[in-house]
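A.B. asks: Below is the file run-v1.cif, which contains mmCIF, C-alpha atoms and all ligand atoms.
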```cif
data_model
#
loop_
_atom_site.group_PDB
_atom_site.id
_atom_site.type_symbol
_atom_site.label_atom_id
_atom_site.label_comp_id
_atom_site.auth_asym_id
_atom_site.auth_seq_id
_atom_site.Cartn_x
_atom_site.Cartn_y
_atom_site.Cartn_z
ATOM 1 C CA MET A 57 22.149 0.210 -17.780
ATOM 2 C CA GLN A 58 24.505 2.055 -20.059
ATOM 3 C CA SER A 59 28.173 1.644 -19.545
ATOM 4 C CA VAL A 60 30.045 4.882 -19.215
ATOM 5 C CA THR A 61 33.388 4.933 -20.912
ATOM 6 C CA LYS A 62 35.493 7.580 -19.303
ATOM 7 C CA THR A 63 39.131 7.426 -18.516
ATOM 8 C CA LYS A 64 38.712 9.677 -15.523
ATOM 9 C CA ARG A 65 36.713 8.091 -12.762
ATOM 10 C CA VAL A 66 34.105 10.352 -11.214
ATOM 11 C CA PRO A 67 33.363 9.231 -7.691
ATOM 12 C CA GLU A 68 29.659 8.907 -7.015
ATOM 13 C CA ARG A 69 28.261 9.713 -3.646
ATOM 14 C CA LYS A 70 24.985 9.013 -1.973
ATOM 15 C CA CYS A 71 23.057 11.947 -0.573
ATOM 16 C CA CYS A 72 22.153 11.813 3.119
ATOM 17 C CA GLY A 73 18.879 13.573 2.314
ATOM 18 C CA CYS A 74 17.289 12.095 -0.802
ATOM 19 C CA GLY A 75 19.431 8.976 -1.081
ATOM 20 C CA LEU A 76 20.292 9.570 -4.725
ATOM 21 C CA VAL A 77 23.769 8.917 -6.007
ATOM 22 C CA LYS A 78 25.386 11.827 -7.792
ATOM 23 C CA ALA A 79 28.784 13.087 -8.793
ATOM 24 C CA GLY A 80 30.701 14.407 -5.817
ATOM 25 C CA LYS A 81 30.972 17.910 -7.223
ATOM 26 C CA GLU A 82 27.207 18.394 -7.055
ATOM 27 C CA MET A 83 27.280 17.789 -3.354
ATOM 28 C CA PHE A 84 28.663 19.021 -0.114
ATOM 29 C CA ARG A 85 31.113 16.749 1.612
ATOM 30 C CA ILE A 86 30.908 16.704 5.381
ATOM 31 C CA VAL A 87 33.863 15.235 7.181
ATOM 32 C CA ARG A 88 34.466 13.949 10.630
ATOM 33 C CA THR A 89 38.126 14.592 11.187
ATOM 34 C CA PRO A 90 40.383 12.199 13.104
ATOM 35 C CA GLU A 91 40.131 14.744 15.945
ATOM 36 C CA GLY A 92 36.366 14.329 16.006
ATOM 37 C CA ASP A 93 35.367 17.691 14.520
ATOM 38 C CA VAL A 94 32.579 17.815 11.959
ATOM 39 C CA LEU A 95 33.392 20.153 9.095
ATOM 40 C CA ILE A 96 32.089 20.987 5.652
ATOM 41 C CA ASP A 97 34.850 20.054 3.277
ATOM 42 C CA GLU A 98 34.721 22.372 0.288
ATOM 43 C CA SER A 99 37.991 21.020 -1.096
ATOM 44 C CA GLY A 100 36.816 17.402 -1.011
ATOM 45 C CA ARG A 101 40.253 16.334 0.098
ATOM 46 C CA MET A 102 40.150 16.414 3.855
ATOM 47 C CA ASN A 103 41.040 13.344 5.834
ATOM 48 C CA GLY A 104 38.359 11.621 7.789
ATOM 49 C CA ARG A 105 35.064 9.865 7.441
ATOM 50 C CA GLY A 106 32.885 11.583 4.843
ATOM 51 C CA ALA A 107 29.167 12.033 4.266
ATOM 52 C CA TYR A 108 27.572 13.664 1.255
ATOM 53 C CA ILE A 109 24.526 15.770 0.636
ATOM 54 C CA CYS A 110 23.098 17.541 -2.416
ATOM 55 C CA ARG A 111 23.502 21.292 -2.616
ATOM 56 C CA ASP A 112 19.789 21.499 -2.098
ATOM 57 C CA ARG A 113 17.758 22.920 0.770
ATOM 58 C CA ASP A 114 15.208 20.099 0.610
ATOM 59 C CA CYS A 115 17.915 17.505 1.060
ATOM 60 C CA ILE A 116 19.435 19.441 3.947
ATOM 61 C CA ALA A 117 16.042 19.664 5.665
ATOM 62 C CA ARG A 118 15.451 15.953 5.182
ATOM 63 C CA ALA A 119 18.865 15.030 6.495
ATOM 64 C CA GLU A 120 18.351 17.254 9.520
ATOM 65 C CA LYS A 121 15.015 15.632 10.299
ATOM 66 C CA LYS A 122 16.496 12.153 10.059
ATOM 67 C CA ASN A 123 19.839 13.107 11.608
ATOM 68 C CA SER A 124 21.320 11.159 8.736
ATOM 69 C CA ILE A 125 24.604 13.026 8.555
ATOM 70 C CA GLY A 126 25.274 12.300 12.207
ATOM 71 C CA ARG A 127 24.362 8.672 11.734
ATOM 72 C CA SER A 128 26.510 8.373 8.646
ATOM 73 C CA LEU A 129 29.486 9.914 10.409
ATOM 74 C CA LYS A 130 28.720 8.054 13.650
ATOM 75 C CA THR A 131 28.977 11.229 15.679
ATOM 76 C CA GLU A 132 26.875 14.078 17.012
ATOM 77 C CA THR A 133 26.083 16.902 14.638
ATOM 78 C CA GLY A 134 24.706 20.179 15.857
ATOM 79 C CA ARG A 135 22.097 22.455 14.335
ATOM 80 C CA GLU A 136 24.948 24.715 13.290
ATOM 81 C CA LEU A 137 26.086 22.218 10.684
ATOM 82 C CA TYR A 138 22.736 22.348 8.931
ATOM 83 C CA GLU A 139 22.561 26.121 9.261
ATOM 84 C CA ASP A 140 25.990 26.311 7.683
ATOM 85 C CA LEU A 141 24.941 24.022 4.817
ATOM 86 C CA ARG A 142 21.832 26.109 4.192
ATOM 87 C CA THR A 143 23.896 29.278 4.117
ATOM 88 C CA ARG A 144 26.313 27.753 1.658
ATOM 89 C CA CYS A 145 23.662 26.540 -0.766
ATOM 90 C CA GLY A 146 21.875 29.889 -0.759
ATOM 91 C CA ARG A 147 24.516 31.626 -2.803
ATOM 92 C CA ASP A 148 22.866 31.567 -6.195
HETATM 93 ZN ZN ZN B 201 19.850 14.854 -2.119
#
```
Can I see the file as structure tokens?
Ligand SMILES: [Zn+2]

C.D. replies:
Amino acid sequence: MQSVTKTKRVPERKCCGCGLVKAGKEMFRIVRTPEGDVLIDESGRMNGRGAYICRDRDCIARAEKKNSIGRSLKTETGRELYEDLRTRCGRD
């Protein structure tokens, strides 16, 4: 393992789909707010319990199949969440 010498700490997050750990900016953050809503947090700064997933349709499909975002957030997630994620990663 190489040690990375950076003054700025890049938080690494584990994808709910493929399980790989990546820099947060390569991923969507999904938040369960204190009110119990499940939202996609584009700013990365919302309060609440967070789950992460790659900006990748394969990962979204895998997470949907396993319901891993819901399990990670310990709440129910609807189909709409995954539809929303797919829409957002289809921009390029
Ligand atoms: Zn992934």

A.B. asks: Could you pull the residues within 7 Å of segment 85-90 of chain A, counting only C-alpha atoms, minus those fewer than 4 positions along the same chain, as a ChimeraX atom specification?

C.D. replies: /A:94-98,100,103-109,129

A.B. asks: Using all atoms listed in the file, which residues of the polymer chains come no farther than 10 Å from ligand ZN 201 (chain B)? I'd like the answer as a list in words.

C.D. replies: Arg69, Lys70, Cys71, Cys72, Gly73, Cys74, Gly75, Leu76, Val77, Lys78, Glu82, Met83, Phe84, Tyr108, Ile109, Cys110, Arg111, Asp112, Arg113, Asp114, Cys115, Ile116, Ala117, Arg118 and Ala119 of chain A

A.B. asks: Can I get the selection written as a compact mmCIF listing (two decimals), keeping the file's coordinate frame, with C-alpha atoms?

C.D. replies:
```txt
# COMPACT_ATOMS: atom_id res chain seq x y z
CA ARG A 69 28.26 9.71 -3.65
CA LYS A 70 24.98 9.01 -1.97
CA CYS A 71 23.06 11.95 -0.57
CA CYS A 72 22.15 11.81 3.12
CA GLY A 73 18.88 13.57 2.31
CA CYS A 74 17.29 12.10 -0.80
CA GLY A 75 19.43 8.98 -1.08
CA LEU A 76 20.29 9.57 -4.72
CA VAL A 77 23.77 8.92 -6.01
CA LYS A 78 25.39 11.83 -7.79
CA GLU A 82 27.21 18.39 -7.06
CA MET A 83 27.28 17.79 -3.35
CA PHE A 84 28.66 19.02 -0.11
CA TYR A 108 27.57 13.66 1.25
CA ILE A 109 24.53 15.77 0.64
CA CYS A 110 23.10 17.54 -2.42
CA ARG A 111 23.50 21.29 -2.62
CA ASP A 112 19.79 21.50 -2.10
CA ARG A 113 17.76 22.92 0.77
CA ASP A 114 15.21 20.10 0.61
CA CYS A 115 17.92 17.50 1.06
CA ILE A 116 19.43 19.44 3.95
CA ALA A 117 16.04 19.66 5.66
CA ARG A 118 15.45 15.95 5.18
CA ALA A 119 18.86 15.03 6.50
```

A.B. asks: Please, what distance in Å, to one decimal, runs between atom CA of Met102 of chain A and atom CA of Lys122 of chain A?

C.D. replies: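 The value is 24.8 Å.
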
A.B. asks: What's the separation between atom CA of Asp93 of chain A and atom CA of Leu141 of chain A, in Å to one decimal place?

C.D. replies: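 The value is 15.6 Å.
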
A.B. asks: Within 10 Å of (21.6, 21.0, 11.3) (file coordinates; only C-alpha atoms), which protein or nucleic acid residues are there? I'd like them as a PyMOL selection string.

C.D. replies: chain A and resi 116-117+119-121+123+125-126+133-142

A.B. asks: With all atoms of segment 123-136 of chain A from the file as input, state the centre and edge lengths in Å to one decimal of the axis-aligned box that has 8 Å extra on each side, as lines of an AutoDock Vina configuration file.

C.D. replies:
```
center_x = 24.7
center_y = 16.4
center_z = 12.8
size_x = 25.6
size_y = 32.7
size_z = 24.5
```
